[in-house]
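Visitor: What follows is a structure written as structure tokens; I'll ask about it next.
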Amino acid sequence: MDNSDPRTLVSTDWLAAHMSNPDLRILDASWYLPDMGRNPKAEYDAGHIPGARFFDIDEIADLRSGLPHMVPPPEKFISRMRKMGVGDGHQIVVYDGMGLFSAPRVWWLFRLMGHSDIAVLDGGFPKWVAEGREVEDVPPTVRDRHITVRRQAHMVKDVTQVAQAAKLRDWQILDARSPDRFSGQGVEPRPGVRPGRIPGSINVHYETLLQADGTMKPADDLRAVFDAAGVDLSSPAITSCGSGVTAAIITLALTRVGHVKNALYDGSWTEWGSYPDLKVETG
């Protein structure tokens with residue numbers, strides 16, 4: 001049974017069946033951690049799903065910030081999407097080279113900018129290639145397209161709002177990082193960032209939401225993961241991670257199970273762990 005939903009997650013079969021739609025836009029939003037030793041743009045140039053445009057998470061960002069890939073100003077987002085030929089009236093499908101890793105960040109970003117006709121490709125490029133589907137190494141022909149932005153401010157939280165939530169405990173804070181980083185035992189990949197977690201936060205490692213083939217677990221299994229972690233799906237939630245990328249995997253999973261009141265902490269642990277006056281839990 002294909003549970004594709006063009007507003008959250010679609011299968012490779014769904015994408016293959018819609019490739020001829022003139023209003024379909026495909027984005028390669030591959031991004032990797034420095035220690036992965038992979039170059040997303042070079043991989044895109046070598047081969048991508050036909051018609052896909054490359055979405056540079058690090059460049060389509062607020063470069064004035066000292067934090068990595070923070071949400072871009074609306075004007076910059078509009079400018080970049082126009083040049084990529086992505087705009088109003090398009091159905092967007094975004095994928096990445098890990099299967100399901102960085103693509104949800106771009107899915108969330110479009111939703112933040114007021115566009116809900118966007119889905120993540122379940123299993124991403126690895127699944128597409130494993131199934132022997134068509135790949136090309138030439139960039140698509142792009143025509144400018146107008147895009148309207150209606151920023152949904154309630155979908156993102158800053159450090160002050162998260163600090164208040166941690167103090168009042170009126171929002172659950174869900175951390176997508178690995179258990180060793182969550183506990184403070186693991187090494188933080190960015191210099192100057194303390195180990196540990198936001199006080200009172202709950203660990204929902206993003207990998208627990210995925211199946212072995214890199215696809216997202218079915219809704220019932222996602223609910224079981226959240227339940228086992230101690231998440232109350234009837235209460236509001238803030239998602240967080242290392243730098244605001246894998247937090248969006250939790251956001252996507254929450255949306256798949258019908259959770260509505262959630263927001264993403266854009267600065268995530270890179271920001272929180274850099275402030276010496278913010279409390280940190282370990283253990």
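Residues are named by chain letter and number: chains run A, B, ... in the order of the structure tokens, numbers start at 1 in each chain, and ligands are numbered from 1 in the order shown.
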Quick one: contact table of segment 194-275 of chain A to segment 27-41 of chain A, 12 Å max, nearest atom pair and distance in Å to one decimal per residue, counting only C-alpha atoms, chain and number order, as CSV?
Guide:
residue,atom,partner,partner_atom,distance
A:Gly242,CA,A:Leu33,CA,10.3
A:Ser243,CA,A:Leu33,CA,10.2
A:Val245,CA,A:Trp31,CA,9.1
A:Thr246,CA,A:Trp31,CA,10.8
Visitor: Contacts of Ala237 of chain A at 7 Å or less, counting only C-alpha atoms, minus same-chain residues fewer than 5 places along, as a PyMOL selection string?
Guide: chain A and resi 171-174+261-263
Visitor: Please report as a tab-separated table every residue of segment 65-140 of chain A lying within 10 Å of segment 152-167 of chain A, along with the nearest atom pair and their distance in Å (one decimal), using only C-alpha atoms.
Guide:
residue	atom	partner	partner_atom	distance
A:Val71	CA	A:Val156	CA	9.2
A:Trp108	CA	A:Met155	CA	8.6
A:Leu109	CA	A:Met155	CA	9.3
A:Phe110	CA	A:Gln152	CA	9.9
A:Arg111	CA	A:Gln152	CA	7.6
A:Leu112	CA	A:Gln152	CA	5.0
A:Met113	CA	A:Gln152	CA	6.2
A:Gly114	CA	A:Gln152	CA	6.1
A:His115	CA	A:Gln152	CA	9.6
Visitor: Export C-alpha atoms of the chosen residues as a tab-separated table (two decimals), in the first residue's frame?
Guide:
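Below is the file that was written, again_18.tsv:
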chain	number	residue	atom	x	y	z
A	71	VAL	CA	16.67	30.39	8.04
A	108	TRP	CA	10.18	22.43	6.77
A	109	LEU	CA	11.74	25.62	5.34
A	110	PHE	CA	9.20	25.78	2.51
A	111	ARG	CA	6.39	25.27	5.00
A	112	LEU	CA	7.84	28.03	7.15
A	113	MET	CA	7.70	30.27	4.07
A	114	GLY	CA	4.04	29.42	3.56
A	115	HIS	CA	4.26	26.63	0.96
Visitor: Can you list, as JSON, numbers by chain, every protein, DNA or RNA residue that comes within 7 Å of Trp107 of chain A when you count only C-alpha atoms, leaving out same-chain residues fewer than 3 positions away?
Guide: {"A": [94, 103, 104, 110, 111, 118, 119, 120]}
Visitor: With a cut-off of 12 Å, could you pull out the residues of segment 62-177 of chain A touching segment 202-221 of chain A and give me the nearest pair of atoms for each, distance in Å to one decimal, using only C-alpha atoms, ordered by chain and ascending number, as a tab-separated table?
Guide:
residue	atom	partner	partner_atom	distance
A:Tyr95	CA	A:Thr215	CA	11.5
A:Asp96	CA	A:Gly214	CA	10.8
A:Gly97	CA	A:Gly214	CA	10.4
A:Met98	CA	A:Gly214	CA	7.6
A:Gly99	CA	A:Gly214	CA	5.0
A:Leu100	CA	A:Gly214	CA	5.9
A:Phe101	CA	A:Tyr206	CA	8.6
A:Ser102	CA	A:Tyr206	CA	11.2
A:Pro104	CA	A:Met216	CA	11.2
A:Val120	CA	A:Met216	CA	10.2
A:Leu121	CA	A:Thr215	CA	8.8
A:Asp122	CA	A:Thr215	CA	5.2
A:Gly123	CA	A:Thr215	CA	4.4
A:Gly124	CA	A:Gly214	CA	7.9
A:Phe125	CA	A:Gly214	CA	10.2
A:Pro126	CA	A:Gly214	CA	8.4
A:Lys127	CA	A:Asp213	CA	7.8
A:Trp128	CA	A:Gly214	CA	11.5
A:Ala130	CA	A:Asp213	CA	10.5
A:Ala166	CA	A:Ile202	CA	11.2
A:Arg169	CA	A:Ile202	CA	11.7
A:Trp171	CA	A:Ile202	CA	11.1
A:Gln172	CA	A:Ile202	CA	7.4
A:Ile173	CA	A:Ile202	CA	6.1
A:Leu174	CA	A:Ile202	CA	4.9
A:Asp175	CA	A:Asn203	CA	4.9
A:Ala176	CA	A:His205	CA	4.3
A:Arg177	CA	A:His205	CA	5.3
Visitor: With DSSP run on the backbone, what are the strand (DSSP E) residues within segment 50-183 of chain A? I'd like them as a list of chain:residue names.
Guide: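 Taking segment 50-183 of chain A and keeping strand (DSSP E) gives A:Arg53, A:Phe54, A:Gln91, A:Ile92, A:Val93, A:Val94, A:Tyr95, A:Ile118, A:Ala119, A:Val120, A:Leu121, A:Val156, A:Lys157, A:Gln172, A:Ile173, A:Leu174, A:Asp175.
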Visitor: Write out as a PDB file with N, CA and C atoms, in the first residue's frame each polymer residue whose atoms come within 10 Å of segment 279-282 of chain A, counting only C-alpha atoms; drop sequence neighbours fewer than 3 positions from it.
Guide:
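Output saved as around-v2.pdb:
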ATOM      1  N   ALA A 163      14.502  28.761  25.823  1.00  0.00           N
ATOM      2  CA  ALA A 163      14.892  28.879  27.232  1.00  0.00           C
ATOM      3  C   ALA A 163      13.662  29.025  28.121  1.00  0.00           C
ATOM      4  N   ALA A 166      11.994  25.634  28.314  1.00  0.00           N
ATOM      5  CA  ALA A 166      12.737  24.733  29.205  1.00  0.00           C
ATOM      6  C   ALA A 166      12.454  25.056  30.666  1.00  0.00           C
ATOM      7  N   ASP A 180      24.538   9.317  22.701  1.00  0.00           N
ATOM      8  CA  ASP A 180      25.789   9.689  23.376  1.00  0.00           C
ATOM      9  C   ASP A 180      25.983  11.200  23.401  1.00  0.00           C
ATOM     10  N   ARG A 181      25.574  11.890  22.356  1.00  0.00           N
ATOM     11  CA  ARG A 181      25.656  13.353  22.374  1.00  0.00           C
ATOM     12  C   ARG A 181      24.595  13.935  23.301  1.00  0.00           C
ATOM     13  N   PHE A 182      23.422  13.340  23.313  1.00  0.00           N
ATOM     14  CA  PHE A 182      22.343  13.799  24.186  1.00  0.00           C
ATOM     15  C   PHE A 182      22.757  13.699  25.656  1.00  0.00           C
ATOM     16  N   SER A 183      23.449  12.617  26.002  1.00  0.00           N
ATOM     17  CA  SER A 183      23.867  12.400  27.393  1.00  0.00           C
ATOM     18  C   SER A 183      25.099  13.217  27.776  1.00  0.00           C
ATOM     19  N   GLY A 184      25.768  13.791  26.777  1.00  0.00           N
ATOM     20  CA  GLY A 184      26.979  14.551  27.042  1.00  0.00           C
ATOM     21  C   GLY A 184      28.237  13.711  27.023  1.00  0.00           C
ATOM     22  N   GLN A 185      28.089  12.420  26.681  1.00  0.00           N
ATOM     23  CA  GLN A 185      29.257  11.527  26.642  1.00  0.00           C
ATOM     24  C   GLN A 185      29.999  11.621  25.309  1.00  0.00           C
ATOM     25  N   ARG A 194      29.635  23.123  24.114  1.00  0.00           N
ATOM     26  CA  ARG A 194      29.677  22.229  25.274  1.00  0.00           C
ATOM     27  C   ARG A 194      28.901  20.936  25.013  1.00  0.00           C
ATOM     28  N   PRO A 195      29.272  19.850  25.665  1.00  0.00           N
ATOM     29  CA  PRO A 195      28.471  18.629  25.570  1.00  0.00           C
ATOM     30  C   PRO A 195      27.249  18.715  26.479  1.00  0.00           C
ATOM     31  N   GLY A 196      26.239  17.923  26.152  1.00  0.00           N
ATOM     32  CA  GLY A 196      25.055  17.873  26.989  1.00  0.00           C
ATOM     33  C   GLY A 196      23.782  18.149  26.220  1.00  0.00           C
ATOM     34  N   ARG A 197      22.749  18.560  26.964  1.00  0.00           N
ATOM     35  CA  ARG A 197      21.420  18.758  26.363  1.00  0.00           C
ATOM     36  C   ARG A 197      20.686  19.890  27.071  1.00  0.00           C
ATOM     37  N   ILE A 198      19.627  20.352  26.436  1.00  0.00           N
ATOM     38  CA  ILE A 198      18.757  21.358  27.040  1.00  0.00           C
ATOM     39  C   ILE A 198      18.029  20.705  28.221  1.00  0.00           C
ATOM     40  N   PRO A 199      18.013  21.339  29.387  1.00  0.00           N
ATOM     41  CA  PRO A 199      17.349  20.744  30.553  1.00  0.00           C
ATOM     42  C   PRO A 199      15.899  20.347  30.275  1.00  0.00           C
ATOM     43  N   GLY A 200      15.566  19.117  30.663  1.00  0.00           N
ATOM     44  CA  GLY A 200      14.208  18.611  30.499  1.00  0.00           C
ATOM     45  C   GLY A 200      13.876  18.081  29.123  1.00  0.00           C
ATOM     46  N   SER A 201      14.839  18.120  28.200  1.00  0.00           N
ATOM     47  CA  SER A 201      14.549  17.661  26.840  1.00  0.00           C
ATOM     48  C   SER A 201      14.466  16.136  26.767  1.00  0.00           C
ATOM     49  N   TRP A 272      22.722  26.748  21.624  1.00  0.00           N
ATOM     50  CA  TRP A 272      22.533  26.566  23.073  1.00  0.00           C
ATOM     51  C   TRP A 272      23.861  26.214  23.767  1.00  0.00           C
ATOM     52  N   GLY A 273      24.586  25.285  23.175  1.00  0.00           N
ATOM     53  CA  GLY A 273      25.833  24.832  23.781  1.00  0.00           C
ATOM     54  C   GLY A 273      26.965  25.836  23.728  1.00  0.00           C
ATOM     55  N   TYR A 275      26.441  29.113  24.541  1.00  0.00           N
ATOM     56  CA  TYR A 275      26.171  30.156  25.539  1.00  0.00           C
ATOM     57  C   TYR A 275      26.511  29.641  26.937  1.00  0.00           C
ATOM     58  N   PRO A 276      27.565  30.163  27.578  1.00  0.00           N
ATOM     59  CA  PRO A 276      27.958  29.666  28.896  1.00  0.00           C
ATOM     60  C   PRO A 276      26.935  29.924  29.998  1.00  0.00           C
TER      61      PRO A 276
END
Visitor: Using the chain letters and numbers from this document, which residues of segment 86-144 of chain A does DSSP assign to alpha helix (DSSP H), as number ranges by chain?
Guide: A: 103-112, 124-130
Visitor: Report, in Å to a single decimal, how far apart atom CA of Cys241 of chain A and atom CA of Thr270 of chain A are.
Guide: 8.5 Å
Visitor: Nearest to Gly87 of chain A: which of A:Val149, A:Ala16, A:Leu252, A:Leu264 is it, counting only C-alpha atoms?
Guide: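 Smallest distance to Gly87 of chain A is found for A:Val149.
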Visitor: Just the residues within 12 Å of Leu15 of chain A, please, counting only C-alpha atoms, with nothing from its chain fewer than 2 positions along; format it as a PyMOL selection string.
Guide: chain A and resi 2+4-6+9-13+17-21+24-26+49-52+91-95+119-125+127-128+133-134
Visitor: Would you mind exporting the chosen residues as an mmCIF file, in the first residue's frame, restricted to N, CA and C atoms?
Guide:
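Output file selection_3.cif follows:
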data_model
loop_
_atom_site.group_PDB
_atom_site.id
_atom_site.type_symbol
_atom_site.label_atom_id
_atom_site.label_comp_id
_atom_site.auth_asym_id
_atom_site.auth_seq_id
_atom_site.Cartn_x
_atom_site.Cartn_y
_atom_site.Cartn_z
ATOM 1 N N ASP A 2 0.597 2.172 -0.922
ATOM 2 C CA ASP A 2 1.377 3.398 -1.040
ATOM 3 C C ASP A 2 0.689 4.507 -0.242
ATOM 4 N N SER A 4 1.617 7.595 0.059
ATOM 5 C CA SER A 4 2.178 8.871 -0.359
ATOM 6 C C SER A 4 1.215 10.022 -0.065
ATOM 7 N N ASP A 5 1.791 11.124 0.386
ATOM 8 C CA ASP A 5 1.046 12.340 0.668
ATOM 9 C C ASP A 5 1.881 13.501 0.128
ATOM 10 N N PRO A 6 1.411 14.189 -0.925
ATOM 11 C CA PRO A 6 2.221 15.244 -1.549
ATOM 12 C C PRO A 6 2.514 16.443 -0.648
ATOM 13 N N LEU A 9 5.245 13.161 2.506
ATOM 14 C CA LEU A 9 6.180 12.118 2.094
ATOM 15 C C LEU A 9 5.609 11.376 0.892
ATOM 16 N N VAL A 10 6.434 11.205 -0.156
ATOM 17 C CA VAL A 10 5.989 10.432 -1.310
ATOM 18 C C VAL A 10 6.996 9.336 -1.632
ATOM 19 N N SER A 11 6.502 8.271 -2.227
ATOM 20 C CA SER A 11 7.348 7.131 -2.582
ATOM 21 C C SER A 11 8.044 7.368 -3.927
ATOM 22 N N THR A 12 9.026 6.548 -4.212
ATOM 23 C CA THR A 12 9.694 6.614 -5.515
ATOM 24 C C THR A 12 8.701 6.256 -6.627
ATOM 25 N N ASP A 13 7.779 5.345 -6.355
ATOM 26 C CA ASP A 13 6.746 5.006 -7.347
ATOM 27 C C ASP A 13 5.887 6.224 -7.655
ATOM 28 N N ALA A 17 5.651 8.212 -11.290
ATOM 29 C CA ALA A 17 4.361 8.341 -11.968
ATOM 30 C C ALA A 17 4.002 9.790 -12.278
ATOM 31 N N HIS A 18 4.649 10.746 -11.576
ATOM 32 C CA HIS A 18 4.325 12.167 -11.752
ATOM 33 C C HIS A 18 5.423 12.947 -12.463
ATOM 34 N N MET A 19 6.435 12.268 -12.985
ATOM 35 C CA MET A 19 7.577 12.959 -13.592
ATOM 36 C C MET A 19 7.199 13.834 -14.785
ATOM 37 N N SER A 20 6.108 13.490 -15.465
ATOM 38 C CA SER A 20 5.715 14.263 -16.654
ATOM 39 C C SER A 20 4.863 15.488 -16.312
ATOM 40 N N ASN A 21 4.550 15.686 -15.042
ATOM 41 C CA ASN A 21 3.738 16.834 -14.624
ATOM 42 C C ASN A 21 4.552 18.114 -14.806
ATOM 43 N N LEU A 24 5.645 19.974 -11.631
ATOM 44 C CA LEU A 24 6.467 19.288 -10.638
ATOM 45 C C LEU A 24 7.858 19.910 -10.617
ATOM 46 N N ARG A 25 8.377 20.162 -9.431
ATOM 47 C CA ARG A 25 9.749 20.630 -9.272
ATOM 48 C C ARG A 25 10.447 19.713 -8.271
ATOM 49 N N ILE A 26 11.613 19.224 -8.655
ATOM 50 C CA ILE A 26 12.379 18.299 -7.813
ATOM 51 C C ILE A 26 13.635 19.005 -7.317
ATOM 52 N N ILE A 49 18.331 12.933 -9.965
ATOM 53 C CA ILE A 49 17.039 12.596 -10.556
ATOM 54 C C ILE A 49 16.744 13.601 -11.674
ATOM 55 N N PRO A 50 16.272 13.144 -12.837
ATOM 56 C CA PRO A 50 16.038 14.058 -13.963
ATOM 57 C C PRO A 50 15.207 15.283 -13.579
ATOM 58 N N GLY A 51 15.714 16.441 -13.972
ATOM 59 C CA GLY A 51 15.012 17.693 -13.704
ATOM 60 C C GLY A 51 15.300 18.317 -12.352
ATOM 61 N N ALA A 52 16.038 17.619 -11.510
ATOM 62 C CA ALA A 52 16.278 18.132 -10.157
ATOM 63 C C ALA A 52 17.186 19.353 -10.171
ATOM 64 N N GLN A 91 4.182 21.720 -7.403
ATOM 65 C CA GLN A 91 4.301 20.619 -6.452
ATOM 66 C C GLN A 91 5.791 20.293 -6.357
ATOM 67 N N ILE A 92 6.345 20.401 -5.175
ATOM 68 C CA ILE A 92 7.777 20.196 -4.979
ATOM 69 C C ILE A 92 8.027 18.860 -4.304
ATOM 70 N N VAL A 93 9.061 18.166 -4.774
ATOM 71 C CA VAL A 93 9.548 16.957 -4.109
ATOM 72 C C VAL A 93 11.028 17.163 -3.821
ATOM 73 N N VAL A 94 11.410 16.987 -2.575
ATOM 74 C CA VAL A 94 12.794 17.209 -2.175
ATOM 75 C C VAL A 94 13.400 15.889 -1.689
ATOM 76 N N TYR A 95 14.657 15.658 -2.075
ATOM 77 C CA TYR A 95 15.327 14.418 -1.679
ATOM 78 C C TYR A 95 16.758 14.709 -1.274
ATOM 79 N N ALA A 119 6.809 17.699 -0.618
ATOM 80 C CA ALA A 119 6.956 16.398 0.043
ATOM 81 C C ALA A 119 8.412 15.958 -0.020
ATOM 82 N N VAL A 120 8.782 15.136 0.933
ATOM 83 C CA VAL A 120 10.103 14.504 0.950
ATOM 84 C C VAL A 120 10.000 13.181 0.195
ATOM 85 N N LEU A 121 11.014 12.873 -0.605
ATOM 86 C CA LEU A 121 11.059 11.578 -1.288
ATOM 87 C C LEU A 121 11.523 10.526 -0.297
ATOM 88 N N ASP A 122 10.667 9.586 0.008
ATOM 89 C CA ASP A 122 10.959 8.548 0.993
ATOM 90 C C ASP A 122 12.062 7.614 0.483
ATOM 91 N N GLY A 123 13.151 7.557 1.199
ATOM 92 C CA GLY A 123 14.285 6.720 0.770
ATOM 93 C C GLY A 123 15.273 7.464 -0.104
ATOM 94 N N GLY A 124 14.855 8.640 -0.599
ATOM 95 C CA GLY A 124 15.761 9.529 -1.317
ATOM 96 C C GLY A 124 16.463 8.946 -2.533
ATOM 97 N N PHE A 125 17.608 9.536 -2.829
ATOM 98 C CA PHE A 125 18.369 9.154 -4.014
ATOM 99 C C PHE A 125 18.869 7.707 -3.945
ATOM 100 N N LYS A 127 17.460 5.040 -2.741
ATOM 101 C CA LYS A 127 16.377 4.132 -3.118
ATOM 102 C C LYS A 127 16.067 4.264 -4.615
ATOM 103 N N TRP A 128 16.066 5.498 -5.097
ATOM 104 C CA TRP A 128 15.806 5.756 -6.527
ATOM 105 C C TRP A 128 16.822 5.013 -7.389
ATOM 106 N N ARG A 133 16.207 3.382 -11.481
ATOM 107 C CA ARG A 133 15.478 4.464 -12.155
ATOM 108 C C ARG A 133 16.453 5.435 -12.829
ATOM 109 N N GLU A 134 15.911 6.261 -13.709
ATOM 110 C CA GLU A 134 16.728 7.145 -14.546
ATOM 111 C C GLU A 134 17.463 8.204 -13.724
#
Visitor: What is the atom CA of His48 of chain A-atom CA of Val135 of chain A distance in Å, reported with one decimal?
Guide: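 Distance reported for this atom pair: 5.3 Å.
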